[in-house]
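*Asks:* Below you will find the structure I want to go over with you.
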Amino acid sequence: MSTLKTLGFLAVLGLTLWPGGHASRAQEVSEYTVKAAYLVNFVKFITWPDKVYDDDQGAIVIGILGDDPFGATLDDMVKGRFIEGHIVLVRRFASYDETQKGSLRKCHLLFIAYSEKDRLRDILKAVQGSPVLTVSEIERFPLAGGMIQFDQEGQRITLDINPAQAQKAGLTLSSKLLQIAKIYRTE
Amino acid sequence: MERRQFLGNQSRVLLLAVWGIAGLFTGSSVGAQQNQGAPLPGTTEDRAAGTDLANLSLESLAGLNVIVTSSAKKAESLRDATSAIYVITSQDIRDSGIQDLADLFRMVPGVQVVRNDASEWGVSARGFNAQYNDKMLVLIDGRSLYENNRAGVIWREDDLPLQDIDRIEVIRGPGGTLWGSNAVNGVINIITKNSKVTQGFYASAIGGSEIYESDNFRYGGKIDDGWYYRIYGKTTHDGPLQDSTTGGNFHDDWNDQRVGFRSDWDGGKDRLTLQGDFQQGLFNYADDIFNPASVQQFTDVNTNLDQDGNLLARWVRTFSDTSEAQLQAYYDVVHIQTNDGQLSARNTADVEFQHRFPLGDRNEITWGGDFRNTSDDYKATNNFYFPPQQSLNNYGLFLQDKVSLVPGRLYVTGGAKVENNPYTGDEILPSGRILFTPDENESLWAAVSRAARVPDRFEESVYHYRDGSTPPLLYEALVPNTSLLSEELVAYELGYRAQPVADASLDLAAFYNRYYRLISNVDITGIQPSPIGGQLDTEGVWVNTDGGAIYGVEVSVHWAMTSFLKADLAYSYQDYDAVLLSGVTSSALGAPPPHNLFSGRLTLKPLPGFEVNGAFYFNDTTFLPDSNPDDASVVQAFTRLDLGATLQWTSNLELSVWGQNLGGTHTETLADTFPAINIGPSVYGQLKANY
């Protein structure tokens with residue numbers, strides 16, 4: 001009985017999923033390529049206070065704090081192109097240490113890697129008051145005082161955003177960004 | 001009957017092999033035309049795709065299906081852990097090719113896995129492995145699998161679908177302060193995926209020569225914003241394996257069906273989870289049966305029907321990033337029907353509460369309490385007499401404080417759990433831990449803790465009839481003891497972790513475990529009344545015997561050399577006092593650890609969407625204790641080699657072919673009184689599909 005059953009099962013699977021069977025299949029890429037593309041895209045949908053472009057000839061700085069999950073993918077995305085009229089630089093930082101405080105505050109966008117989970121509170125405190133967009137994939141990041149969290153629904157990457165935190169830091173988030181995100185509100 | 005099954009197996013394997021080859025061709029041509037493979041991060045193809053992605057609109061990005069990897073989560077807070085913890089990620093599970101939950105632990109340093117038959121395993125960290133290992137606590141999403149009748153975990157009862165597992169945290173060493181008694185040699189925490197990330201359809205089918213068949217189905221849906229669910233079904237048909245003495249059938253077929261669900265609601269501050277499983281399995285085993293009527297012992301094949309169900313609810317409230325409370329309750333039912341028609345039942349009701357909050361700038365307090373009621377109704381079988389119906393309560397309270405002496409550098413954690421059980425009364429389980437992080441890439445930790453293994457119902461109240469002599473009414477039996485004390489462990493641990501470069505990490509742990517009052521049976525003689533009538537001739541009784549020490553070192557290395565080559569190594573060396581081998585009557589105590597355990601795993605991704613995985617496991621000679629060292633059984637050292645190839649055919653379809661135990665046939669067992677199984681080379685093919 002089980003042989004027939006399994007054969008049937010495989011046949012059904014095969015027929016429904018045969019590669020040529022569906023012309024409209026979505027393009028599929030790895031998780032961190034999409035997350036890197038989001039990071040670059042954020043630059044277009046966030047307005048920083050003007051004065052923060054002073055350093056680095058007006059470049060926008062993306063900081064990666066902790067174990068970098070992106071590798072060369074992110075560098076390739078920003079290399080040799082202007083985004084909203086700015087060049088984008090990627091800076092990488094080892095696991096959080098108080099001595100990094102000054103450099104972290106100079107980032108426009110700070111991606112806090114999963115490896116920093118237990119140091120999150122100190123990191124957010126360190127950049128508090130500076131116009132730094134904090135992004136992370138650490139669970140419940142918007143509730144912990146962060147701004148944007150990469151989340152997952154099925155096989156899609158989703159965004160959880162706490163707009164109040166961004167506002168406090170002097171950042172303006174475009175409504176387009178808020179439209180595709182799940183909004184968290186904290187008092 | 002047997003022949004038909006054999007042919008069935010072959011045709012299935014053949015079919016999968018044909019599919020595999022077909023897939024190699026069609027998959028590559030389709031990939032070339034449409035560039036639809038699933039590129040790996042960092043490969044040229046992916047980087048090129050990434051540059052294009054940067055130009056996509058937010059809406060398009062939000063609509064992309066991605067291949068999810070859990071590599072970033074591997075390092076989750078490990079730097080700051082003050083115990084010997086190893087995390088098995090969902091990626092590790094996939095790359096191992098392993099299909100039986102218990103076999104996964106072969107990759108963990110210092111953990112020994114021994115299969116007893118098609119549906120039974122012994123899993124232990126740091127020694128005392130046995131079919132019913134009474135010193136390891138195992139939990140699935142906070143639900144304990146440890147059953148206190150025959151103290152241990154019955155792995156067949158929780159054959160959950162491995163693709164639903166998010167990660168498994170394996171802690172070697174005591175965890176009594178947080179988890180209570182019986183978390184002596186280790187704690188295994190199996191955490192399943194949130195239903196939010198298992199949306200859509202998933203199905204997989206396996207056909208093979210040893211794992212005869214295993215089918216999986218899952219569907220995940222969304223009820224409302226922030227409210228998701230999944231349902232699943234799984235069937236397993238495993239075995240029969242080979243009898244090592246006769247070379248014939250070990251009569252250990254295992255047929256299992258499972259259905260279950262999980263639903264998660266996230267309302268921001270509050271999160272609710274409701275989940276449940278129902279499982280029904282038929283498992284066979286050959287056993288020495290004692291028949292009280294004829295006072296004779298004979299060997300027969302037992303067919304038991306095993307029906308389990310559980311329902312769990314959890315509520316988590318987040319007050320702030322540093323403060324969280326959790327309330328959890330579950331109900332678990334196990335019914336076992338033996339082949340003589342007797343039905344035994346075990347019900348567990350459990351409620352737990354936990355709260356974590358900061359106190360001032362320097363202290364992080366975690367406290368909580370729990371209550372558990374276990375009621376059972378075990379029917380006497382031919383071999384065992386159980387006192388009818390018992391209802392036992394356990395309750396406990398714990399408090400732990402983590403103090404940062406030098407913020408970011410030096411932490412001290414102290415705590416204790418006070419627990420009450422019906423057999424030995426109060427148990428106090430304290431621990432003290434210290435963590436030093438000299439820089440961001442290194443950490444050193446040390447710990448001293450006490451743990452206790454509470455006597456089980458078997459040792460306290462069950463008569464185990466073994467042989468009849470002098471008819472009509474004189475039996476030989478192993479008798480219980482109601483005045484047993486808990487087994488005690490005082491453990492000293494030391495650990496070092498380093499991550500010299502982003503892609504490599506090293507984890508070292510050393511331990512010295514001193515055990516006291518270990519429970520075993522000793523020979524005594526004497527005639528006493530038997531609870532099933534007549535007299536019994538006492539053969540043995542459970543007593544607190546001597547203790548002894550087990551000590552060793554464990555090391556694991558993870559290295560992602562390039563984006564297409566990854567290696568994981570684990571090794572442990574362990575030794576022990578001679579008393580653990582010869583000072584007791586039987587293997588009831590469990591086996592001392594083998595001196596050497598090794599596992600090495602390699603993943604190679606030569607092409608986008610195609611990967612080759614290999615795993616090698618070595619288990620050194622294992623000695624089973626006996627009062628007469630000359631009688632000690634020896635399980636010879638064995639190796640296991642698994643090789644597999646996986647093709648991500650399309651983004652929705654994955655095909656893999658695995659060869660397991662390719663090194664040859666070896667014998668695995670932890671029981672010294674029964675024949676053992678032979679595990680030989682086997683193959684299986686698997687097709688996975690998702691939408």
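Following the order of the structure tokens, first chain is A, next is B, and so on, with residues numbered from 1 inside each chain and ligands from 1 in the order they appear.
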Can you work out which residues from chain A touch chain B at a cut-off of 6 Å (counting only C-alpha atoms) and hand them back as a ChimeraX atom specification?
*Replies:* /A:3,28-31,33,37,67,72-73,77,95,115,118,144,152-156
*Asks:* For the residues selected in the previous step, produce a file with C-alpha atoms as a PDB file, in the first residue's frame.
*Replies:*
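Saved file again-v5.pdb follows:
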ATOM      1  CA  THR A   3       4.692   2.016  -2.254  1.00  0.00           C
ATOM      2  CA  GLU A  28      14.286  34.118  -5.998  1.00  0.00           C
ATOM      3  CA  VAL A  29      17.431  35.232  -4.241  1.00  0.00           C
ATOM      4  CA  SER A  30      19.167  34.689  -0.940  1.00  0.00           C
ATOM      5  CA  GLU A  31      17.924  36.318   2.235  1.00  0.00           C
ATOM      6  CA  THR A  33      20.952  39.881  -0.804  1.00  0.00           C
ATOM      7  CA  ALA A  37      19.035  45.781  -1.168  1.00  0.00           C
ATOM      8  CA  ASP A  67      29.233  39.588  12.406  1.00  0.00           C
ATOM      9  CA  ALA A  72      30.722  41.516  -0.812  1.00  0.00           C
ATOM     10  CA  THR A  73      27.062  41.698  -1.880  1.00  0.00           C
ATOM     11  CA  MET A  77      25.502  47.301  -4.623  1.00  0.00           C
ATOM     12  CA  SER A  95      31.480  43.339  18.079  1.00  0.00           C
ATOM     13  CA  SER A 115      25.727  38.624  17.155  1.00  0.00           C
ATOM     14  CA  ASP A 118      23.067  40.762  24.233  1.00  0.00           C
ATOM     15  CA  ALA A 144      13.608  47.490  22.316  1.00  0.00           C
ATOM     16  CA  GLN A 152      10.104  37.224   7.890  1.00  0.00           C
ATOM     17  CA  GLU A 153       6.659  36.098   6.794  1.00  0.00           C
ATOM     18  CA  GLY A 154       6.743  32.816   4.973  1.00  0.00           C
ATOM     19  CA  GLN A 155       9.531  33.245   2.430  1.00  0.00           C
ATOM     20  CA  ARG A 156       9.291  37.028   2.322  1.00  0.00           C
TER      21      ARG A 156
END
*Asks:* Could you pull out all residues of stretch 53-148 of chain A with a DSSP call of strand (DSSP E) and give them as a list in words?
*Replies:*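 Those in stretch 53-148 of chain A that DSSP calls strand (DSSP E) are Ile60, Val61, Ile62, Gly63, Ile64, Leu65, Phe82, Ile83, His86, Ile87, Val88, Leu89, Val90, Arg91, Arg92, Phe93, Leu109, Leu110, Phe111, Ile112, Leu133, Thr134, Val135, Ser136 and Ile148 of chain A.
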*Asks:* How many Å lie between atom CA of B:Gln400 and atom CA of B:Leu494, rounded to one decimal?
*Replies:*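 Atom-to-atom, atom CA of B:Gln400 and atom CA of B:Leu494 are spaced 19.8 Å apart.
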*Asks:* Would you mind listing what lies within 9 Å of B:Asp456 as a PyMOL selection string, with only C-alpha atoms counted and same-chain residues fewer than 6 positions away left out?
*Replies:* chain B and resi 134+147-151+423
*Asks:* Using atom CA of B:Leu405 and atom CA of A:Arg105 as the two end points, give the distance in Å to one decimal.
*Replies:*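 Between atom CA of B:Leu405 and atom CA of A:Arg105 the gap works out to 26.5 Å.
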*Asks:* Would you kindly return, as an MDAnalysis selection string, each protein, DNA or RNA residue with an atom no farther than 8 Å from any atom of A:Gln149, considering only C-alpha atoms and excluding same-chain residues fewer than 2 positions away?
*Replies:* chainID A and resid 135:142 146:147 151 159:161
*Asks:* When you count only C-alpha atoms, which of these residues is closest to A:Ile180: A:Ile123, A:Tyr38, A:Ala113, A:Asp68?
*Replies:* A:Tyr38
*Asks:* Within stretch 56-280 of chain B, find each residue whose DSSP state, derived from the backbone, is helix (DSSP H, G or I), and express the selection as a PyMOL selection string.
*Replies:* chain B and resi 58-63+71-75+78-80+90-96+101-107+155-158+162-164+176-179+195-197
*Asks:* Since we have the selection now, will you write its residues out, keeping N, CA and C atoms, as a short mmCIF file (atom, residue, chain, number, x, y, z; two decimals), in the first residue's frame?
*Replies:*
data_model
loop_
_atom_site.label_atom_id
_atom_site.label_comp_id
_atom_site.auth_asym_id
_atom_site.auth_seq_id
_atom_site.Cartn_x
_atom_site.Cartn_y
_atom_site.Cartn_z
N LEU B 58 10.54 49.39 -3.44
CA LEU B 58 10.29 48.78 -2.14
C LEU B 58 9.23 47.68 -2.26
N GLU B 59 8.19 47.98 -3.06
CA GLU B 59 7.11 47.01 -3.21
C GLU B 59 7.62 45.71 -3.83
N SER B 60 8.51 45.84 -4.83
CA SER B 60 9.04 44.64 -5.47
C SER B 60 9.91 43.85 -4.50
N LEU B 61 10.69 44.59 -3.71
CA LEU B 61 11.54 43.90 -2.72
C LEU B 61 10.68 43.13 -1.74
N ALA B 62 9.58 43.78 -1.33
CA ALA B 62 8.71 43.16 -0.33
C ALA B 62 8.03 41.92 -0.90
N GLY B 63 7.95 41.83 -2.24
CA GLY B 63 7.26 40.70 -2.85
C GLY B 63 8.17 39.54 -3.20
N SER B 71 22.40 31.13 9.22
CA SER B 71 23.79 31.16 9.66
C SER B 71 24.08 32.30 10.64
N ALA B 72 23.43 33.44 10.43
CA ALA B 72 23.71 34.58 11.29
C ALA B 72 23.30 34.33 12.73
N LYS B 73 22.30 33.46 12.89
CA LYS B 73 21.80 33.23 14.24
C LYS B 73 22.62 32.20 15.00
N LYS B 74 23.57 31.59 14.31
CA LYS B 74 24.38 30.56 14.95
C LYS B 74 25.09 31.13 16.18
N ALA B 75 25.56 32.34 16.03
CA ALA B 75 26.38 32.92 17.10
C ALA B 75 25.55 33.57 18.18
N LEU B 78 26.14 33.44 22.04
CA LEU B 78 27.02 32.40 22.54
C LEU B 78 28.22 32.98 23.27
N ARG B 79 28.65 34.17 22.82
CA ARG B 79 29.82 34.78 23.45
C ARG B 79 29.56 35.02 24.93
N ASP B 80 28.31 35.30 25.27
CA ASP B 80 28.01 35.65 26.64
C ASP B 80 27.40 34.50 27.45
N SER B 90 18.60 25.22 11.92
CA SER B 90 17.81 24.50 10.91
C SER B 90 18.67 24.17 9.70
N GLN B 91 19.68 25.02 9.45
CA GLN B 91 20.62 24.75 8.35
C GLN B 91 21.45 23.49 8.64
N ASP B 92 21.91 23.37 9.90
CA ASP B 92 22.66 22.17 10.29
C ASP B 92 21.82 20.91 10.09
N ILE B 93 20.54 21.02 10.44
CA ILE B 93 19.65 19.86 10.32
C ILE B 93 19.53 19.46 8.86
N ARG B 94 19.31 20.47 8.01
CA ARG B 94 19.16 20.22 6.58
C ARG B 94 20.45 19.62 6.00
N ASP B 95 21.59 20.21 6.37
CA ASP B 95 22.86 19.77 5.81
C ASP B 95 23.33 18.40 6.32
N SER B 96 22.72 17.93 7.42
CA SER B 96 23.18 16.66 8.00
C SER B 96 22.55 15.46 7.31
N LEU B 101 15.18 12.51 14.84
CA LEU B 101 15.54 13.58 15.77
C LEU B 101 16.77 13.25 16.63
N ALA B 102 16.76 12.08 17.27
CA ALA B 102 17.83 11.75 18.21
C ALA B 102 19.20 11.67 17.53
N ASP B 103 19.21 11.24 16.26
CA ASP B 103 20.49 11.11 15.55
C ASP B 103 21.19 12.45 15.33
N LEU B 104 20.44 13.55 15.40
CA LEU B 104 21.02 14.87 15.20
C LEU B 104 22.12 15.18 16.22
N PHE B 105 21.96 14.63 17.43
CA PHE B 105 22.88 15.01 18.50
C PHE B 105 24.26 14.40 18.34
N ARG B 106 24.43 13.55 17.33
CA ARG B 106 25.77 13.00 17.06
C ARG B 106 26.75 14.11 16.68
N MET B 107 26.24 15.25 16.21
CA MET B 107 27.14 16.33 15.78
C MET B 107 27.61 17.21 16.94
N TRP B 155 12.18 8.71 22.75
CA TRP B 155 12.30 9.56 21.56
C TRP B 155 11.21 9.30 20.54
N ARG B 156 10.71 8.07 20.49
CA ARG B 156 9.70 7.76 19.46
C ARG B 156 8.42 8.56 19.67
N GLU B 157 8.16 8.97 20.92
CA GLU B 157 6.92 9.67 21.21
C GLU B 157 6.90 11.09 20.65
N ASP B 158 8.05 11.60 20.26
CA ASP B 158 8.09 12.97 19.76
C ASP B 158 8.88 13.06 18.46
N LEU B 162 11.25 17.53 11.25
CA LEU B 162 12.49 18.26 11.49
C LEU B 162 12.52 19.61 10.79
N GLN B 163 11.77 19.76 9.68
CA GLN B 163 11.80 21.05 8.97
C GLN B 163 11.08 22.14 9.76
N ASP B 164 10.33 21.78 10.80
CA ASP B 164 9.66 22.80 11.61
C ASP B 164 10.54 23.28 12.76
N GLY B 176 20.11 22.77 36.64
CA GLY B 176 19.11 22.68 37.70
C GLY B 176 18.55 24.00 38.17
N THR B 177 19.39 25.05 38.17
CA THR B 177 18.96 26.34 38.71
C THR B 177 17.80 26.91 37.89
N LEU B 178 17.81 26.69 36.58
CA LEU B 178 16.71 27.19 35.77
C LEU B 178 15.67 26.12 35.47
N TRP B 179 16.11 24.87 35.30
CA TRP B 179 15.19 23.83 34.81
C TRP B 179 14.78 22.82 35.87
N SER B 195 4.98 30.24 13.50
CA SER B 195 4.15 29.92 12.33
C SER B 195 4.17 31.05 11.29
N LYS B 196 4.63 32.22 11.71
CA LYS B 196 4.78 33.33 10.78
C LYS B 196 5.77 33.02 9.65
N VAL B 197 6.81 32.25 9.94
CA VAL B 197 7.81 31.98 8.91
C VAL B 197 7.57 30.67 8.17
#
*Asks:* So which one's closest to B:Lys605, B:Ser449, B:Thr562, B:Gln242, B:Asn339? Using only C-alpha atoms, please.
*Replies:*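 Nearest candidate to B:Lys605 out of B:Ser449, B:Thr562, B:Gln242, B:Asn339: B:Thr562.
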*Asks:* Write out as JSON, numbers by chain the residues lying within 10 Å of A:Thr47, counting only C-alpha atoms and excluding same-chain residues fewer than 2 positions away.
*Replies:* {"A": [42, 43, 44, 45, 49, 50, 131, 170, 171, 172, 173, 174]}
*Asks:* Quote the spacing between atom CA of B:Asn116 and atom CA of B:Asn133 in Å to one decimal place.
*Replies:* 12.3 Å
